[in-house]
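Undergrad: My questions will all concern the structure given below.
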Amino acid sequence: MTVSRRDFVKTSVLGAVAAGVGTRAQAEDAKPSAGPQEHVSQENQSQTGSHKRPIIICANNGYAYLDDAFAFLKSGGDTLDAALKVVKGPEDDPNDDTVGLGGIPNEEGVVELDACCMHGPTRCAGSVGGVRNIKNVSLVSKAVMEHTGHVMLVGEGAERFAVAVGFPRENLLTEHSRKVWLLWKEFHSNEDWWGPGLADPHWQAPDSGNGKPQAEVWQERIQNLRTRAADLGIEPELQMDAVRKVLFPPTGTIHCSALNDKGEISGCTTTSGLSFKLPGRVGDSPIIGAGCYTDQDVGSAGATGSGEENIKVAGAHTIVENMRHGMSPQEAGMDALKRIVRNYNGDMNKLRFLDMTYYVLRKDGAYAGVSLWEGYSKERPHKIAVHDGSRRAEVTVSLFKGYSQDFPPAPNVPEEVKKEFMK
Ligand code: GLY
């Protein structure tokens, strides 16, 4: 019997899921995976009790901010304040286009931010969704927790609340994000009234390749986008990055959990959400139990990735409950990933357009970073950043071998073109 590559993928992944085993499914091809071994040793370390406290874990875009936060935590600082110190870094950074200032905007060119936090020791929580014009929404979520009798505020009300308690209103759309958004509008302009229009000498009917191979059509399309990016004033070194964001819109976010030497634990998550989303779309990040969940008795978990999928499995809450019932951080995270797989009946034709990373910290200092896929490419694997006295970034353990494709998918991008992009 001949088994096609796709059949093999389907069979092996579903087999692993059906069996409920914590092993990584062999997808894409039959090569044995060399990757998991390093993670297995991380898990073993956790299981044998050599884990440390205090400790902070976060998505890798928080790496640069871990030293300060760890020093603060070690000197007796509150666990939630330590976690907020980490995520405030990317929120303030105009060059991190996944959160706060400079976040890639919605389809109307407006930055809308989501965030939440949970403070383990007091068992309090706060959250904001769809907030415009306020950069540090993670701190606004803490203000909701401390200064209201509510847990969640959204939209205009959340913005007005933030201003009332002292947060400055500011324009969150940087010049670079604005130009990336314009380029995205122009990329879709064959289907709308944004330029280039029919009168433009470079205009081509949608999908007209004049019989050329797809790879060639795409190289031309990318070159045209690059020329457009130059016309819009995007600096040469940022042009390919802008084109990549247009073709494969990113879902960036940062989660952070912090645990002190007394065993107090807190977590927070903040994001600008899905690039070019519909105005008003709220993802998983501000949903207590999806983008973040902390239980002082058990541990803390948070997520980055496909928000809609994570909401449906209440990912962070599922993971914390799994740990409560005895699973290790890695097993608990893998189980949540398998629930996402189950929601699509293991259909790899759909699952390849999703991705999810969970950051898991147990109350005793054991931790894990787990992902649905290995990352964006071989060169850009998913990582969890950790500080427990030494700061490091570790590749996450993935359920599937291979790399996800972003959603919505740019149609028919040949693999060789995509690979070139994702380096
Ligand atoms: N996980 C971020 C979002 O989907 O908004």
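Each chain of the structure tokens is named A, B, ... in the order shown, its residues numbered from 1; ligands are numbered from 1 in display order.
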Counting only C-alpha atoms and all ligand atoms, which protein, DNA or RNA residues come within 7 Å of ligand 1, given as a list in words?
TA: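 Checking only C-alpha atoms and all ligand atoms against ligand 1 at 7 Å gives Thr251, Gly252, Thr253, Thr271, Ser272, Gly273, Leu274, Val282, Gly283, Asp284, Ser285, Gly291, Ala303, Thr304, Gly305, Ser306, Gly307 and Glu308 of chain A.
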Undergrad: Selected residues, N, CA, C and O atoms, written as a short mmCIF file (atom, residue, chain, number, x, y, z; two decimals), in the first residue's frame, please.
TA:
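Written output follows (selection.cif):
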```cif
data_model
loop_
_atom_site.label_atom_id
_atom_site.label_comp_id
_atom_site.auth_asym_id
_atom_site.auth_seq_id
_atom_site.Cartn_x
_atom_site.Cartn_y
_atom_site.Cartn_z
N THR A 251 0.43 37.38 14.18
CA THR A 251 -0.37 37.44 15.41
C THR A 251 0.61 37.51 16.56
O THR A 251 1.00 36.49 17.08
N GLY A 252 1.02 38.66 16.92
CA GLY A 252 1.99 38.76 18.02
C GLY A 252 1.29 39.12 19.31
O GLY A 252 0.20 39.66 19.32
N THR A 253 1.92 38.80 20.38
CA THR A 253 1.35 39.00 21.71
C THR A 253 2.49 38.79 22.69
O THR A 253 3.50 38.18 22.33
N THR A 271 -1.60 42.54 23.94
CA THR A 271 -1.47 42.34 22.48
C THR A 271 -2.13 43.46 21.68
O THR A 271 -3.02 44.15 22.19
N SER A 272 -1.67 43.60 20.44
CA SER A 272 -2.45 44.42 19.48
C SER A 272 -3.32 43.48 18.63
O SER A 272 -3.99 43.91 17.71
N GLY A 273 -3.26 42.19 18.95
CA GLY A 273 -4.15 41.21 18.31
C GLY A 273 -3.75 40.93 16.88
O GLY A 273 -2.64 41.20 16.45
N LEU A 274 -4.69 40.38 16.21
CA LEU A 274 -4.48 39.97 14.82
C LEU A 274 -4.27 41.21 13.93
O LEU A 274 -5.04 42.16 14.02
N VAL A 282 -12.08 41.13 19.32
CA VAL A 282 -11.30 40.91 20.54
C VAL A 282 -10.83 39.46 20.51
O VAL A 282 -11.61 38.56 20.22
N GLY A 283 -9.56 39.27 20.78
CA GLY A 283 -9.00 37.92 20.74
C GLY A 283 -9.00 37.26 22.11
O GLY A 283 -9.81 37.59 22.98
N ASP A 284 -8.08 36.33 22.28
CA ASP A 284 -8.01 35.58 23.54
C ASP A 284 -7.29 36.32 24.65
O ASP A 284 -7.52 36.06 25.83
N SER A 285 -6.41 37.26 24.27
CA SER A 285 -5.51 37.85 25.27
C SER A 285 -6.22 38.47 26.47
O SER A 285 -5.76 38.32 27.60
N GLY A 291 -6.37 33.77 27.29
CA GLY A 291 -5.03 34.33 27.09
C GLY A 291 -4.17 34.28 28.33
O GLY A 291 -2.93 34.32 28.24
N ALA A 303 -0.92 32.54 26.69
CA ALA A 303 -0.90 32.09 25.30
C ALA A 303 -0.52 33.20 24.34
O ALA A 303 -0.81 34.37 24.57
N THR A 304 0.11 32.78 23.23
CA THR A 304 0.24 33.64 22.06
C THR A 304 -0.15 32.77 20.86
O THR A 304 0.08 31.57 20.86
N GLY A 305 -0.74 33.39 19.85
CA GLY A 305 -1.12 32.61 18.67
C GLY A 305 -2.56 32.88 18.27
O GLY A 305 -3.09 33.96 18.52
N SER A 306 -3.17 31.88 17.64
CA SER A 306 -4.50 32.06 17.04
C SER A 306 -5.57 32.21 18.12
O SER A 306 -6.07 31.23 18.69
N GLY A 307 -5.93 33.45 18.40
CA GLY A 307 -6.80 33.77 19.53
C GLY A 307 -8.14 33.07 19.48
O GLY A 307 -8.63 32.58 20.50
N GLU A 308 -8.73 33.01 18.30
CA GLU A 308 -10.06 32.41 18.18
C GLU A 308 -10.03 30.94 18.64
O GLU A 308 -10.93 30.47 19.31
#
```
Undergrad: So that I can see what lies close to A:Lys383, please list as a CSV table (one decimal) with N, CA and C atoms, in the first residue's frame the residues with an atom at most 10 Å from it, counting only C-alpha atoms and leaving out residues fewer than 4 positions away in the same chain.
TA:
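Result file out05.csv:
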```csv
chain,number,residue,atom,x,y,z
A,58,CYS,N,8.2,34.0,29.9
A,58,CYS,CA,7.4,34.9,29.0
A,58,CYS,C,7.7,34.5,27.6
A,59,ALA,N,6.8,35.1,26.7
A,59,ALA,CA,7.1,35.0,25.2
A,59,ALA,C,8.4,35.7,24.9
A,60,ASN,N,9.0,35.2,23.9
A,60,ASN,CA,10.4,35.6,23.6
A,60,ASN,C,10.6,37.1,23.4
A,61,ASN,N,9.5,37.8,23.0
A,61,ASN,CA,9.7,39.3,22.8
A,61,ASN,C,9.8,40.0,24.1
A,63,TYR,N,12.2,39.0,26.3
A,63,TYR,CA,13.6,38.5,26.7
A,63,TYR,C,14.4,39.7,27.2
A,357,THR,N,1.0,29.0,21.0
A,357,THR,CA,2.1,28.7,21.9
A,357,THR,C,1.6,28.9,23.4
A,359,TYR,N,2.7,29.1,27.5
A,359,TYR,CA,3.7,29.4,28.5
A,359,TYR,C,3.2,28.9,29.8
A,369,GLY,N,7.3,25.5,27.7
A,369,GLY,CA,6.8,26.2,26.6
A,369,GLY,C,6.4,25.2,25.5
A,370,VAL,N,5.1,25.2,25.1
A,370,VAL,CA,4.7,24.2,24.1
A,370,VAL,C,4.0,24.9,23.0
A,371,SER,N,4.1,24.4,21.8
A,371,SER,CA,3.5,25.0,20.6
A,371,SER,C,2.9,24.0,19.7
A,374,GLU,N,6.4,24.1,15.1
A,374,GLU,CA,7.7,24.4,15.5
A,374,GLU,C,8.0,25.9,15.5
A,375,GLY,N,7.3,26.7,14.7
A,375,GLY,CA,7.6,28.1,14.6
A,375,GLY,C,7.3,28.6,13.2
A,392,ARG,N,17.6,33.1,29.7
A,392,ARG,CA,17.8,32.3,28.5
A,392,ARG,C,16.5,32.2,27.6
A,393,ALA,N,16.7,31.9,26.4
A,393,ALA,CA,15.5,31.6,25.5
A,393,ALA,C,15.6,30.2,25.1
A,394,GLU,N,14.5,29.4,25.3
A,394,GLU,CA,14.5,28.0,24.9
A,394,GLU,C,13.5,27.7,23.9
A,395,VAL,N,13.8,26.9,22.9
A,395,VAL,CA,12.9,26.5,21.9
A,395,VAL,C,11.8,25.7,22.5
A,396,THR,N,10.5,25.9,22.1
A,396,THR,CA,9.4,25.3,22.7
A,396,THR,C,9.3,23.8,22.2
A,397,VAL,N,8.6,23.0,23.0
A,397,VAL,CA,8.3,21.6,22.5
A,397,VAL,C,7.0,21.7,21.6
```
Undergrad: Contacts of A:Leu101 at 10 Å or less, counting only C-alpha atoms, minus same-chain residues fewer than 2 places along, as a PyMOL selection string?
TA: chain A and resi 90-99+103-104+111+113+133-136+170-174+177+272
Undergrad: Would you mind reading off the distance between atom CA of A:Ile57 and atom CA of A:Lys245, one decimal, in Å?
TA: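 Distance between the two atoms: 26.8 Å.
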Undergrad: From the DSSP assignment of the backbone, select every residue of stretch 98-256 of chain A that is strand (DSSP E or B), and format the answer as a PyMOL selection string.
TA: chain A and resi 113-119+124-131+152-154+251+254-256
Undergrad: Using C-alpha atoms, can you write the selected residues to a file as a compact mmCIF listing (two decimals), in the first residue's frame?
TA:
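Saved to again-v7.txt:
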```
# COMPACT_ATOMS: atom_id res chain seq x y z
CA LEU A 113 -5.28 46.69 22.07
CA ASP A 114 -6.32 43.90 24.47
CA ALA A 115 -4.81 42.88 27.82
CA CYS A 116 -5.53 41.11 31.09
CA CYS A 117 -3.84 40.26 34.37
CA MET A 118 -4.36 37.99 37.37
CA HIS A 119 -2.82 38.51 40.78
CA CYS A 124 -8.05 39.35 41.69
CA ALA A 125 -8.22 39.93 37.94
CA GLY A 126 -8.58 42.80 35.47
CA SER A 127 -9.01 43.03 31.73
CA VAL A 128 -9.53 45.45 28.84
CA GLY A 129 -10.48 44.77 25.23
CA GLY A 130 -10.51 46.81 22.00
CA VAL A 131 -8.81 49.85 23.56
CA MET A 152 -13.44 43.67 32.20
CA LEU A 153 -13.93 46.99 30.39
CA VAL A 154 -14.00 47.31 26.59
CA THR A 251 -0.37 37.44 15.41
CA ILE A 254 3.29 38.80 24.94
CA HIS A 255 2.41 36.74 27.99
CA CYS A 256 4.42 36.73 31.22
```
Undergrad: Could you work out how far atom CA of A:Thr269 lies from atom CA of A:Val87, giving the answer in Å with one decimal?
TA: 7.5 Å
Undergrad: Measuring atom to atom with only C-alpha atoms, identify which of A:Pro249, A:Leu278, A:Lys363, A:Leu372 is nearest to A:Asn310.
TA: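 For A:Asn310, the nearest of the candidates is A:Leu372.
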Undergrad: Just the alpha helix (DSSP H) stuff from stretch 226-403 of chain A, please, per backbone DSSP, written as a ChimeraX atom specification.
TA: /A:226-231,236-247,307-312,315-324,329-343,348-351
